[in-house]
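Peer 1: Please find final_17.txt (compact mmCIF, C-alpha atoms (C1' of nucleotides)) on the next line:
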```
# COMPACT_ATOMS: atom_id res chain seq x y z
CA MET A 1319 56.76 103.44 -36.18
CA PRO A 1320 54.12 106.20 -35.97
CA THR A 1321 50.49 105.16 -35.88
CA PRO A 1322 47.64 107.48 -36.97
CA ASP A 1323 46.36 109.70 -34.14
CA ARG A 1324 43.15 108.52 -32.57
CA THR A 1325 42.15 111.95 -31.24
CA SER A 1326 43.14 115.63 -31.29
CA LEU A 1327 43.32 118.63 -28.98
CA PRO A 1328 40.25 120.34 -30.49
CA ALA A 1329 38.23 117.16 -30.03
CA ILE A 1330 39.33 116.97 -26.40
CA VAL A 1331 38.42 120.58 -25.71
CA GLU A 1332 35.04 120.14 -27.38
CA ALA A 1333 34.35 117.07 -25.27
CA GLY A 1334 35.27 119.12 -22.22
CA CYS A 1335 32.83 121.88 -23.22
CA ASP A 1336 30.04 119.37 -23.79
CA LEU A 1337 30.56 117.62 -20.47
CA LEU A 1338 30.77 120.96 -18.69
CA GLU A 1339 27.34 122.03 -19.89
CA LEU A 1340 25.96 118.58 -19.20
CA GLY A 1341 26.87 118.47 -15.54
CA GLY A 1342 29.16 121.27 -14.40
CA PRO A 1343 32.90 121.13 -13.75
CA SER A 1344 32.68 117.99 -11.61
CA ARG A 1345 31.50 116.07 -14.64
CA VAL A 1346 34.51 116.92 -16.77
CA THR A 1347 36.78 114.19 -15.48
CA MET A 1348 39.75 112.93 -17.42
CA GLN A 1349 38.05 109.56 -17.76
CA ALA A 1350 34.79 111.00 -19.09
CA VAL A 1351 36.62 113.22 -21.58
CA ALA A 1352 38.77 110.31 -22.71
CA GLU A 1353 35.78 108.04 -23.22
CA ARG A 1354 34.05 110.75 -25.25
CA VAL A 1355 36.96 111.05 -27.67
CA GLY A 1356 37.50 107.31 -27.86
CA VAL A 1357 40.70 106.89 -25.91
CA ARG A 1358 41.90 105.97 -22.40
CA ALA A 1359 42.52 108.63 -19.76
CA PRO A 1360 46.33 108.42 -19.74
CA SER A 1361 46.43 109.28 -23.45
CA LEU A 1362 45.05 112.74 -22.75
CA TYR A 1363 48.33 113.68 -21.11
CA LYS A 1364 49.99 113.62 -24.52
CA ARG A 1365 48.01 116.76 -25.50
CA VAL A 1366 47.19 118.41 -22.19
CA ARG A 1367 49.38 118.99 -19.16
CA ASP A 1368 46.74 118.17 -16.57
CA ARG A 1369 43.08 118.66 -15.73
CA ASP A 1370 43.50 122.32 -14.77
CA ALA A 1371 45.10 123.06 -18.13
CA LEU A 1372 42.17 121.35 -19.85
CA LEU A 1373 39.67 123.50 -17.94
CA GLN A 1374 41.67 126.56 -18.91
CA LEU A 1375 41.42 125.56 -22.57
CA VAL A 1376 37.68 125.05 -22.15
CA ALA A 1377 37.37 128.52 -20.61
CA ASP A 1378 39.36 130.08 -23.46
CA ALA A 1379 37.23 128.28 -26.05
CA THR A 1380 34.13 129.61 -24.32
CA VAL A 1381 35.40 133.19 -24.45
CA ASP A 1382 36.03 132.78 -28.15
CA ALA A 1383 32.55 131.43 -28.75
CA LEU A 1384 31.17 134.39 -26.82
CA ARG A 1385 33.25 136.75 -28.93
CA ALA A 1386 31.87 135.23 -32.12
CA ARG A 1387 28.29 135.51 -30.92
CA VAL A 1388 28.71 139.12 -29.78
CA ALA A 1389 30.48 140.06 -33.01
CA ALA A 1390 27.52 138.71 -34.97
CA SER A 1391 25.13 141.18 -33.29
CA ASP A 1392 24.17 144.52 -34.82
CA GLY A 1393 26.93 146.26 -32.86
CA SER A 1394 24.60 148.57 -30.97
CA LEU A 1395 24.90 148.61 -27.21
CA PRO A 1396 21.55 146.89 -26.65
CA GLY A 1397 22.36 144.39 -29.37
CA LEU A 1398 25.71 143.57 -27.79
CA ALA A 1399 24.25 143.25 -24.32
CA ARG A 1400 21.41 140.99 -25.47
CA ALA A 1401 23.80 138.76 -27.41
CA TYR A 1402 26.01 138.51 -24.35
CA ARG A 1403 23.08 137.57 -22.14
CA ALA A 1404 21.72 135.07 -24.65
CA PHE A 1405 25.10 133.35 -24.77
CA ALA A 1406 25.21 133.07 -20.99
CA HIS A 1407 21.75 131.51 -21.01
CA ALA A 1408 22.75 129.05 -23.71
CA ARG A 1409 26.00 128.01 -22.02
CA PRO A 1410 25.64 128.84 -18.35
CA GLU A 1411 28.36 126.50 -17.13
CA GLY A 1412 30.87 127.81 -19.63
CA PHE A 1413 30.00 131.35 -18.70
CA ARG A 1414 30.49 130.63 -15.00
CA LEU A 1415 33.81 128.93 -15.71
CA MET A 1416 35.10 132.00 -17.56
CA TYR A 1417 34.84 134.08 -14.41
CA ALA A 1418 35.70 131.26 -12.04
CA ILE A 1419 39.18 130.71 -13.45
CA GLY A 1420 39.87 133.67 -15.71
CA THR A 1421 40.92 133.49 -19.34
CA SER A 1422 43.86 134.29 -21.53
CA THR A 1423 44.58 137.92 -22.24
CA GLU A 1424 44.41 137.58 -26.01
CA ALA A 1425 40.96 136.00 -25.96
CA LEU A 1426 39.64 138.80 -23.79
CA GLU A 1427 41.15 141.51 -25.95
CA ARG A 1428 39.49 140.21 -29.05
CA ALA A 1429 36.17 139.72 -27.33
CA SER A 1430 35.92 143.29 -26.13
CA VAL A 1431 36.63 145.13 -29.38
CA PRO A 1432 32.96 145.54 -30.36
CA VAL A 1433 32.02 146.83 -26.91
CA LEU A 1434 34.79 149.42 -27.05
CA ARG A 1435 33.55 150.57 -30.45
CA ALA A 1436 29.99 150.96 -29.22
CA ALA A 1437 31.22 152.79 -26.13
CA ARG A 1438 33.23 155.22 -28.25
CA GLU A 1439 30.14 155.91 -30.31
CA LEU A 1440 28.19 156.67 -27.14
CA VAL A 1441 30.53 158.80 -25.02
CA GLY A 1442 33.54 159.58 -27.17
CA ALA A 1443 37.05 158.20 -27.32
CA ASP A 1444 38.19 159.74 -24.03
CA ARG A 1445 35.70 157.84 -21.97
CA ALA A 1446 35.35 154.78 -24.16
CA LEU A 1447 37.42 152.46 -21.96
CA ASP A 1448 35.71 153.44 -18.72
CA GLU A 1449 32.32 153.25 -20.38
CA ALA A 1450 33.05 149.84 -21.88
CA ARG A 1451 34.02 148.61 -18.45
CA LEU A 1452 30.84 150.00 -16.96
CA VAL A 1453 28.68 148.23 -19.53
CA THR A 1454 30.48 144.90 -19.53
CA ALA A 1455 30.60 144.88 -15.73
CA TRP A 1456 26.86 145.44 -15.59
CA VAL A 1457 25.94 142.70 -18.08
CA THR A 1458 28.39 140.31 -16.50
CA GLY A 1459 27.02 140.94 -13.04
CA PHE A 1460 23.44 140.81 -14.20
CA VAL A 1461 23.68 137.38 -15.78
CA SER A 1462 25.93 136.10 -12.99
CA MET A 1463 23.24 136.97 -10.50
CA GLU A 1464 20.58 135.52 -12.74
CA LEU A 1465 22.46 132.24 -13.04
CA ALA A 1466 23.17 132.14 -9.31
CA GLY A 1467 19.46 132.58 -8.63
CA ALA A 1468 19.96 135.93 -6.94
CA PHE A 1469 16.84 137.38 -8.61
CA ARG A 1470 14.61 134.89 -6.92
CA LEU A 1471 11.68 136.83 -5.61
CA GLY A 1472 9.31 139.05 -7.49
CA GLY A 1473 9.88 141.67 -10.13
CA ASP A 1474 10.28 141.11 -13.83
CA VAL A 1475 13.86 140.14 -14.56
CA ASP A 1476 13.62 140.88 -18.28
CA ALA A 1477 12.19 144.29 -17.47
CA ALA A 1478 15.03 144.91 -15.03
CA PHE A 1479 17.47 144.09 -17.82
CA ASP A 1480 15.78 146.57 -20.17
CA TYR A 1481 15.80 149.17 -17.41
CA GLY A 1482 19.55 148.84 -16.95
CA LEU A 1483 20.07 148.90 -20.69
CA ALA A 1484 18.06 152.10 -21.02
CA ARG A 1485 19.92 153.73 -18.12
CA LEU A 1486 23.30 152.87 -19.60
CA SER A 1487 22.35 153.65 -23.18
CA ALA A 1488 21.66 157.25 -22.24
CA GLY A 1489 25.00 158.67 -23.30
CA ILE A 1490 26.59 161.59 -21.56
CA ALA A 1491 28.44 164.63 -22.80
CA PRO A 1492 31.69 165.66 -21.06
CA HIS A 1493 31.22 166.86 -17.44
CA ASP A 1494 27.76 165.37 -17.22
CA VAL A 1495 29.09 162.83 -14.77
CA ASP A 1496 30.57 165.09 -12.13
CA GLY A 1497 32.89 168.05 -11.85
CA GLN A 1498 36.02 166.09 -12.73
CA PRO A 1499 37.42 165.03 -16.07
CA PRO A 1500 36.85 161.38 -16.89
CA ALA A 1501 39.47 158.89 -15.79
CA SER A 1502 40.60 158.08 -19.31
CA SER A 1503 41.40 161.67 -20.22
CA ARG A 1504 43.87 162.21 -17.41
CA PRO A 1505 47.36 163.29 -18.44
CA GLY A 1506 49.46 160.53 -19.88
CA HIS A 1507 46.51 158.33 -20.64
CA THR A 1508 45.57 157.27 -24.13
CA LEU A 1509 43.09 154.63 -25.08
CA PRO A 1510 44.97 151.37 -25.53
CA ALA A 1511 43.86 149.02 -28.25
CA HIS A 1512 42.63 146.43 -25.84
CA GLY A 1513 39.89 144.91 -23.87
CA SER A 1514 37.37 145.81 -21.27
CA MET B 1184 26.53 107.33 27.53
CA PRO B 1185 26.92 110.73 25.85
CA THR B 1186 30.39 112.19 25.67
CA PRO B 1187 31.07 115.98 25.35
CA ASP B 1188 31.13 117.18 21.71
CA ARG B 1189 34.58 117.70 20.31
CA THR B 1190 33.48 120.16 17.63
CA SER B 1191 30.48 122.13 16.35
CA LEU B 1192 28.83 123.19 13.12
CA PRO B 1193 29.99 126.82 13.38
CA ALA B 1194 33.57 125.67 13.93
CA ILE B 1195 33.32 123.44 10.87
CA VAL B 1196 31.93 126.24 8.70
CA GLU B 1197 34.62 128.62 9.91
CA ALA B 1198 37.32 126.09 9.10
CA GLY B 1199 35.77 125.76 5.64
CA CYS B 1200 35.87 129.53 5.13
CA ASP B 1201 39.50 129.72 6.23
CA LEU B 1202 40.63 126.89 3.98
CA LEU B 1203 38.67 128.37 1.08
CA GLU B 1204 40.55 131.66 1.27
CA LEU B 1205 43.82 129.84 1.79
CA GLY B 1206 43.68 127.78 -1.36
CA GLY B 1207 40.36 127.88 -3.16
CA PRO B 1208 37.60 125.26 -3.18
CA SER B 1209 39.97 122.40 -3.93
CA ARG B 1210 41.62 122.95 -0.60
CA VAL B 1211 38.47 122.55 1.45
CA THR B 1212 38.53 118.78 1.66
CA MET B 1213 36.70 116.87 4.36
CA GLN B 1214 40.01 115.71 5.73
CA ALA B 1215 41.51 119.22 5.91
CA VAL B 1216 38.39 120.61 7.57
CA ALA B 1217 38.30 117.74 10.04
CA GLU B 1218 41.94 118.18 10.96
CA ARG B 1219 41.38 121.90 11.51
CA VAL B 1220 38.57 121.29 14.00
CA GLY B 1221 40.36 118.42 15.68
CA VAL B 1222 38.38 115.35 14.59
CA ARG B 1223 38.54 112.69 11.88
CA ALA B 1224 36.81 113.16 8.55
CA PRO B 1225 33.96 110.69 9.15
CA SER B 1226 32.84 112.67 12.21
CA LEU B 1227 31.92 115.64 10.01
CA TYR B 1228 29.01 113.64 8.61
CA LYS B 1229 27.28 113.94 11.98
CA ARG B 1230 26.77 117.69 11.35
CA VAL B 1231 26.87 118.02 7.57
CA ARG B 1232 25.25 115.87 4.91
CA ASP B 1233 28.18 115.91 2.48
CA ARG B 1234 30.85 118.15 1.04
CA ASP B 1235 28.45 120.05 -1.22
CA ALA B 1236 26.28 120.91 1.77
CA LEU B 1237 29.35 122.20 3.58
CA LEU B 1238 30.28 124.42 0.66
CA GLN B 1239 26.72 125.72 0.63
CA LEU B 1240 27.01 126.63 4.31
CA VAL B 1241 30.31 128.37 3.61
CA ALA B 1242 28.66 130.36 0.80
CA ASP B 1243 25.76 131.35 3.06
CA ALA B 1244 28.14 132.41 5.83
CA THR B 1245 30.02 134.52 3.30
CA VAL B 1246 26.84 136.29 2.19
CA ASP B 1247 26.06 137.08 5.80
CA ALA B 1248 29.54 138.49 6.40
CA LEU B 1249 29.09 140.62 3.27
CA ARG B 1250 25.73 141.82 4.56
CA ALA B 1251 27.29 142.86 7.88
CA ARG B 1252 30.08 144.75 6.17
CA VAL B 1253 27.74 146.55 3.78
CA ALA B 1254 25.34 147.40 6.60
CA ALA B 1255 28.20 149.03 8.49
CA SER B 1256 28.82 151.51 5.67
CA ASP B 1257 27.34 155.02 5.60
CA GLY B 1258 24.40 153.81 3.52
CA SER B 1259 25.11 156.06 0.56
CA LEU B 1260 25.37 154.43 -2.82
CA PRO B 1261 29.13 155.06 -3.13
CA GLY B 1262 29.61 153.89 0.45
CA LEU B 1263 27.70 150.69 -0.20
CA ALA B 1264 29.52 149.99 -3.44
CA ARG B 1265 32.95 150.58 -1.90
CA ALA B 1266 32.15 148.36 1.08
CA TYR B 1267 31.00 145.64 -1.31
CA ARG B 1268 34.18 145.89 -3.35
CA ALA B 1269 36.40 145.96 -0.27
CA PHE B 1270 34.77 142.77 0.98
CA ALA B 1271 35.38 141.04 -2.34
CA HIS B 1272 39.03 142.05 -2.19
CA ALA B 1273 39.36 140.79 1.35
CA ARG B 1274 37.66 137.45 0.68
CA PRO B 1275 37.96 136.79 -3.03
CA GLU B 1276 37.41 133.06 -2.84
CA GLY B 1277 34.31 133.42 -0.72
CA PHE B 1278 32.97 136.05 -3.10
CA ARG B 1279 33.54 133.80 -6.09
CA LEU B 1280 31.88 130.89 -4.32
CA MET B 1281 28.75 132.94 -3.67
CA TYR B 1282 28.15 133.32 -7.37
CA ALA B 1283 29.51 129.91 -8.30
CA ILE B 1284 26.93 127.98 -6.30
CA GLY B 1285 24.27 130.50 -5.32
CA THR B 1286 23.04 131.17 -1.81
CA SER B 1287 19.94 130.83 0.29
CA THR B 1288 17.09 133.20 -0.37
CA GLU B 1289 16.92 134.54 3.17
CA ALA B 1290 20.59 135.48 3.25
CA LEU B 1291 20.24 137.38 -0.01
CA GLU B 1292 17.11 139.20 1.10
CA ARG B 1293 18.75 140.54 4.21
CA ALA B 1294 21.91 141.51 2.36
CA SER B 1295 20.09 143.66 -0.18
CA VAL B 1296 17.97 145.78 2.16
CA PRO B 1297 20.48 148.69 2.37
CA VAL B 1298 20.90 148.77 -1.40
CA LEU B 1299 17.16 148.96 -1.90
CA ARG B 1300 16.95 151.83 0.56
CA ALA B 1301 19.68 153.79 -1.21
CA ALA B 1302 18.04 153.09 -4.57
CA ARG B 1303 14.69 154.39 -3.32
CA GLU B 1304 16.41 157.55 -2.16
CA LEU B 1305 17.94 158.00 -5.59
CA VAL B 1306 15.13 157.24 -8.04
CA GLY B 1307 11.98 156.80 -5.97
CA ALA B 1308 10.05 153.79 -4.80
CA ASP B 1309 8.68 152.87 -8.24
CA ARG B 1310 12.08 152.24 -9.71
CA ALA B 1311 13.89 151.20 -6.56
CA LEU B 1312 13.97 147.49 -7.35
CA ASP B 1313 15.18 147.91 -10.92
CA GLU B 1314 17.72 150.49 -9.83
CA ALA B 1315 18.99 148.28 -7.01
CA ARG B 1316 19.47 145.48 -9.50
CA LEU B 1317 21.33 147.80 -11.86
CA VAL B 1318 23.72 148.87 -9.13
CA THR B 1319 24.31 145.47 -7.58
CA ALA B 1320 24.77 143.90 -11.00
CA TRP B 1321 27.37 146.50 -11.85
CA VAL B 1322 29.40 146.13 -8.65
CA THR B 1323 29.14 142.37 -8.81
CA GLY B 1324 30.32 142.27 -12.40
CA PHE B 1325 33.05 144.81 -11.79
CA VAL B 1326 34.70 142.91 -8.98
CA SER B 1327 34.11 139.55 -10.69
CA MET B 1328 36.03 140.82 -13.68
CA GLU B 1329 38.69 142.30 -11.45
CA LEU B 1330 39.15 139.00 -9.64
CA ALA B 1331 39.18 137.05 -12.89
CA GLY B 1332 41.93 139.31 -14.21
CA ALA B 1333 39.75 140.69 -16.97
CA PHE B 1334 41.09 144.24 -16.46
CA ARG B 1335 44.59 143.22 -17.34
CA LEU B 1336 45.89 145.82 -19.71
CA GLY B 1337 46.16 149.55 -19.20
CA GLY B 1338 43.75 152.04 -17.77
CA ASP B 1339 43.25 152.82 -14.12
CA VAL B 1340 40.92 150.28 -12.55
CA ASP B 1341 40.14 152.41 -9.49
CA ALA B 1342 39.31 155.31 -11.78
CA ALA B 1343 37.05 153.06 -13.83
CA PHE B 1344 35.25 152.11 -10.63
CA ASP B 1345 34.75 155.78 -9.71
CA TYR B 1346 33.55 156.47 -13.23
CA GLY B 1347 30.86 153.80 -12.99
CA LEU B 1348 29.90 155.01 -9.55
CA ALA B 1349 29.50 158.56 -10.79
CA ARG B 1350 27.48 157.42 -13.80
CA LEU B 1351 25.15 155.38 -11.66
CA SER B 1352 24.90 157.90 -8.84
CA ALA B 1353 23.41 160.44 -11.21
CA GLY B 1354 19.79 159.84 -10.36
CA ILE B 1355 17.07 160.18 -12.89
CA ALA B 1356 13.67 161.72 -12.75
CA PRO B 1357 10.70 159.82 -14.25
CA HIS B 1358 10.85 159.44 -18.06
CA ASP B 1359 14.52 160.38 -18.20
CA VAL B 1360 15.28 156.82 -19.13
CA ASP B 1361 13.15 156.37 -22.19
CA GLY B 1362 9.60 156.90 -23.33
CA GLN B 1363 8.16 154.03 -21.30
CA PRO B 1364 7.23 153.79 -17.68
CA PRO B 1365 9.76 151.94 -15.54
CA ALA B 1366 9.37 148.20 -15.24
CA SER B 1367 8.51 148.28 -11.57
CA SER B 1368 5.56 150.62 -12.00
CA ARG B 1369 3.74 148.41 -14.46
CA PRO B 1370 0.22 147.34 -13.47
CA GLY B 1371 0.13 144.77 -10.73
CA HIS B 1372 3.65 145.41 -9.58
CA THR B 1373 4.49 146.63 -6.10
CA LEU B 1374 7.90 146.71 -4.52
CA PRO B 1375 8.33 143.52 -2.55
CA ALA B 1376 10.26 143.66 0.71
CA HIS B 1377 13.09 141.63 -0.64
CA GLY B 1378 16.44 141.41 -2.28
CA SER B 1379 18.14 142.60 -5.35
C1' DA C 859 25.35 110.23 21.14
C1' DC C 860 29.52 111.08 19.16
C1' DC C 861 33.83 109.33 17.53
C1' DT C 862 36.99 106.26 14.97
C1' DG C 863 39.66 102.81 11.87
C1' DA C 864 38.89 100.13 8.14
C1' DA C 865 37.08 99.63 3.86
C1' DC C 866 35.24 100.81 -0.91
C1' DA C 867 34.63 103.43 -5.05
C1' DC C 868 36.41 106.89 -7.78
C1' DC C 869 39.62 110.17 -9.76
C1' DG C 870 44.22 112.32 -11.24
C1' DT C 871 48.58 111.10 -12.65
C1' DT C 872 52.84 108.33 -13.76
C1' DC C 873 55.27 104.88 -16.19
C1' DA C 874 56.99 100.80 -18.26
C1' DA C 875 55.62 98.00 -21.92
C1' DG C 876 53.32 97.49 -26.18
C1' DT C 877 52.42 98.76 -31.41
C1' DA D 1259 55.05 108.64 -31.68
C1' DC D 1260 50.99 107.46 -29.63
C1' DC D 1261 48.44 104.29 -26.84
C1' DT D 1262 47.47 101.25 -22.86
C1' DG D 1263 47.06 98.45 -18.31
C1' DA D 1264 48.76 98.53 -13.97
C1' DA D 1265 49.88 100.97 -10.13
C1' DC D 1266 49.92 104.78 -6.54
C1' DA D 1267 48.24 108.60 -3.91
C1' DC D 1268 44.33 110.96 -2.51
C1' DC D 1269 39.56 112.06 -1.54
C1' DG D 1270 34.45 111.34 -0.39
C1' DT D 1271 31.58 108.39 1.97
C1' DT D 1272 29.76 104.35 4.69
C1' DC D 1273 29.63 101.43 8.57
C1' DA D 1274 30.48 98.40 12.29
C1' DA D 1275 32.74 98.74 16.52
C1' DG D 1276 34.26 101.45 20.29
C1' DT D 1277 33.48 104.96 24.41
```
Show how you would write the structure in this file as structure tokens.
Peer 2:
Amino acid sequence: MPTPDRTSLPAIVEAGCDLLELGGPSRVTMQAVAERVGVRAPSLYKRVRDRDALLQLVADATVDALRARVAASDGSLPGLARAYRAFAHARPEGFRLMYAIGTSTEALERASVPVLRAARELVGADRALDEARLVTAWVTGFVSMELAGAFRLGGDVDAAFDYGLARLSAGIAPHDVDGQPPASSRPGHTLPAHGS
Amino acid sequence: MPTPDRTSLPAIVEAGCDLLELGGPSRVTMQAVAERVGVRAPSLYKRVRDRDALLQLVADATVDALRARVAASDGSLPGLARAYRAFAHARPEGFRLMYAIGTSTEALERASVPVLRAARELVGADRALDEARLVTAWVTGFVSMELAGAFRLGGDVDAAFDYGLARLSAGIAPHDVDGQPPASSRPGHTLPAHGS
DNA sequence: ACCTGAACACCGTTCAAGT
DNA sequence: ACCTGAACACCGTTCAAGT
């Protein structure tokens, strides 16, 4: 005889996200998550394979929240980059987790669409993928280092961010980079409809 | 009556590094480390406060190994960046750990000296710090994304790396970036002898 | 002074028994 | 069908007792 469910997968993932920001990965224990959703630890295994799978779901949910935040920006390169950085500041543990364990392909694809569009605007379709990777790599590294405390001594970190943004926002026409054609315009290469 | 030591702190840290690369942080347990250096787990607490402190030492040792590898490059910006990336490929778990838990200030300072020098060469002393941060952020983010599997679909990742390198190697003269003076040349700011 | 076995608390996970 | 207490294996950490 079925009894009404006392919890749900979304509730479990949300509890995982909350605990993660509260005290890092070590705080998201099966027991703590279970208590937060009003159930005992063994019950979680009805909805989630194990703790690693739960962390994976938390990482995927974080990527999707990042996608939503970035998509809500004005779509310009500085707007995208600032939204990305603001998200990382708001949810540092989630951000770290994304790159600590990776995320699903689909989530990443969707998240990088706006960056690809901005990159195409800036340098053209041929170089859009390479350019998108340049920009996302820079923002990712910048906030990773920020969060890790790698910008500890001196200098104005916000100003350093603006500097990088200005450097990368300066678009380039073909063969401004060097004597060779850009990677993405090599024979046989077309821009796939996917992520950075 | 003192008895000869059966292990040492360096041996413990090395065992931690080895186990880390072998199976990620979850594999560096006190028991596994102890077994590797030939003692029982409780003995480790004579040299290390707890497991977190051990992981911190492993992270610091990794930064120093990175510093040595980068310092052995030709000192050019592409040479530095390629050495950095090669290190991350060789010791992915150690690289991840560096940014997962941060590292000591001194280790970071020493590691970033060559990058600062190359940056000064490229854009001048005023902008050296900002430029060094731009470059290190980019490489860091690039390999982080690589290791996290964020470059999953299509495109040539090596070519994307060369593209970013070419973009960033193109130095800029003053006021090429935008209408404002660079962040590092604002009043009261001088280039500190420290890290990126 | 360093090392160890024994012990304790805590966590992930399984499973038979409940409803 | 979902939930639970009990149980097991494993890990971090402490400590009294050895040498």
Peer 1: Using all atoms listed in the file for the distances, tell me which of B:Gln1214, B:Thr1288, B:Ser1295, B:Ser1226 is nearest to chain C.
Peer 2: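 Residue with the minimum atom-to-atom distance to chain C: B:Ser1226.
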Peer 1: Using only C-alpha atoms (C1' of nucleotides), which residues of chain B come within 12 Å of chain C, and what is the closest atom pair for each, with the distance in Å to one decimal? Give it as a Markdown table, sorted by chain and residue number.
Peer 2:
```
| residue | atom | partner | partner_atom | distance |
| --- | --- | --- | --- | --- |
| B:Met1184 | CA | C:DA859 | C1' | 7.1 |
| B:Pro1185 | CA | C:DA859 | C1' | 5.0 |
| B:Thr1186 | CA | C:DC860 | C1' | 6.7 |
| B:Pro1187 | CA | C:DC860 | C1' | 8.0 |
| B:Asp1188 | CA | C:DC860 | C1' | 6.8 |
| B:Arg1189 | CA | C:DC860 | C1' | 8.4 |
| B:Thr1190 | CA | C:DC860 | C1' | 10.0 |
| B:Ser1191 | CA | C:DC860 | C1' | 11.4 |
| B:Gly1221 | CA | C:DC861 | C1' | 11.3 |
| B:Val1222 | CA | C:DC861 | C1' | 8.1 |
| B:Arg1223 | CA | C:DT862 | C1' | 7.3 |
| B:Ala1224 | CA | C:DT862 | C1' | 9.4 |
| B:Pro1225 | CA | C:DT862 | C1' | 7.9 |
| B:Ser1226 | CA | C:DC861 | C1' | 6.4 |
| B:Leu1227 | CA | C:DC861 | C1' | 10.0 |
| B:Tyr1228 | CA | C:DC860 | C1' | 10.9 |
| B:Lys1229 | CA | C:DC860 | C1' | 8.0 |
| B:Arg1230 | CA | C:DC860 | C1' | 10.6 |
```
Peer 1: Could you save those same residues with C-alpha atoms as an mmCIF file, in the coordinates of the input?
Peer 2:
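Below is the file that was written, selection21.cif:
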```cif
data_model
loop_
_atom_site.group_PDB
_atom_site.id
_atom_site.type_symbol
_atom_site.label_atom_id
_atom_site.label_comp_id
_atom_site.auth_asym_id
_atom_site.auth_seq_id
_atom_site.Cartn_x
_atom_site.Cartn_y
_atom_site.Cartn_z
ATOM 1 C CA MET B 1184 26.530 107.330 27.530
ATOM 2 C CA PRO B 1185 26.920 110.730 25.850
ATOM 3 C CA THR B 1186 30.390 112.190 25.670
ATOM 4 C CA PRO B 1187 31.070 115.980 25.350
ATOM 5 C CA ASP B 1188 31.130 117.180 21.710
ATOM 6 C CA ARG B 1189 34.580 117.700 20.310
ATOM 7 C CA THR B 1190 33.480 120.160 17.630
ATOM 8 C CA SER B 1191 30.480 122.130 16.350
ATOM 9 C CA GLY B 1221 40.360 118.420 15.680
ATOM 10 C CA VAL B 1222 38.380 115.350 14.590
ATOM 11 C CA ARG B 1223 38.540 112.690 11.880
ATOM 12 C CA ALA B 1224 36.810 113.160 8.550
ATOM 13 C CA PRO B 1225 33.960 110.690 9.150
ATOM 14 C CA SER B 1226 32.840 112.670 12.210
ATOM 15 C CA LEU B 1227 31.920 115.640 10.010
ATOM 16 C CA TYR B 1228 29.010 113.640 8.610
ATOM 17 C CA LYS B 1229 27.280 113.940 11.980
ATOM 18 C CA ARG B 1230 26.770 117.690 11.350
#
```
Peer 1: Can you check which parts of chain A lie within 6 Å of chain B? Per residue, the shortest pair of atoms and distance in Å to one decimal, counting only C-alpha atoms, sorted by chain and number, as JSON lines.
Peer 2:
```
{"residue": "A:Tyr1417", "atom": "CA", "partner": "B:Ala1331", "partner_atom": "CA", "distance": 5.5}
{"residue": "A:Gly1420", "atom": "CA", "partner": "B:Ala1331", "partner_atom": "CA", "distance": 4.5}
{"residue": "A:Asp1448", "atom": "CA", "partner": "B:Ala1343", "partner_atom": "CA", "distance": 5.1}
{"residue": "A:Leu1452", "atom": "CA", "partner": "B:Gly1347", "partner_atom": "CA", "distance": 5.5}
{"residue": "A:Ala1455", "atom": "CA", "partner": "B:Gly1324", "partner_atom": "CA", "distance": 4.2}
{"residue": "A:Trp1456", "atom": "CA", "partner": "B:Trp1321", "partner_atom": "CA", "distance": 3.9}
{"residue": "A:Thr1458", "atom": "CA", "partner": "B:Gly1324", "partner_atom": "CA", "distance": 4.9}
{"residue": "A:Gly1459", "atom": "CA", "partner": "B:Gly1324", "partner_atom": "CA", "distance": 3.6}
{"residue": "A:Phe1460", "atom": "CA", "partner": "B:Ala1320", "partner_atom": "CA", "distance": 4.6}
{"residue": "A:Ala1466", "atom": "CA", "partner": "B:Gly1285", "partner_atom": "CA", "distance": 4.5}
{"residue": "A:Ala1477", "atom": "CA", "partner": "B:Ala1366", "partner_atom": "CA", "distance": 5.3}
{"residue": "A:Ala1478", "atom": "CA", "partner": "B:Asp1313", "partner_atom": "CA", "distance": 5.1}
{"residue": "A:Gly1482", "atom": "CA", "partner": "B:Leu1317", "partner_atom": "CA", "distance": 5.5}
{"residue": "A:Ala1484", "atom": "CA", "partner": "B:Val1360", "partner_atom": "CA", "distance": 5.8}
{"residue": "A:Arg1485", "atom": "CA", "partner": "B:Val1360", "partner_atom": "CA", "distance": 5.7}
{"residue": "A:Val1495", "atom": "CA", "partner": "B:Arg1350", "partner_atom": "CA", "distance": 5.7}
{"residue": "A:Ala1501", "atom": "CA", "partner": "B:Ala1342", "partner_atom": "CA", "distance": 5.4}
```
Peer 1: In Å to one decimal, how far is atom CA of A:Leu1373 from atom CA of B:Leu1238?
Peer 2: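 Computed distance, atom CA of B:Leu1238 to atom CA of A:Leu1373, equals 20.9 Å.
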Peer 1: Provide the atom CA of A:Arg1369 to atom CA of A:Arg1345 distance in Å, to one decimal place.
Peer 2: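 Result for atom CA of A:Arg1369 versus atom CA of A:Arg1345: 11.9 Å, one decimal.
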Peer 1: Please list as a list in words every residue within 12 Å of B:Leu1240, counting only C-alpha atoms (C1' of nucleotides) and excluding residues in the same chain fewer than 4 positions away.
Peer 2: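 The neighbour list is Leu1192, Pro1193, Ala1194, Ile1195, Val1196, Glu1197, Ala1198, Gly1199, Cys1200, Arg1230, Val1231, Arg1232, Asp1233, Arg1234, Asp1235, Ala1236, Ala1244, Thr1245, Val1246, Asp1247, Gly1277, Leu1280, Met1281, Ile1284, Gly1285, Thr1286, Ser1287 and Ala1290 of chain B.
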Peer 1: By how many Å are atom CA of B:Tyr1267 and atom CA of B:Leu1249 apart?
Peer 2: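 Computed distance, atom CA of B:Tyr1267 to atom CA of B:Leu1249, equals 7.1 Å.
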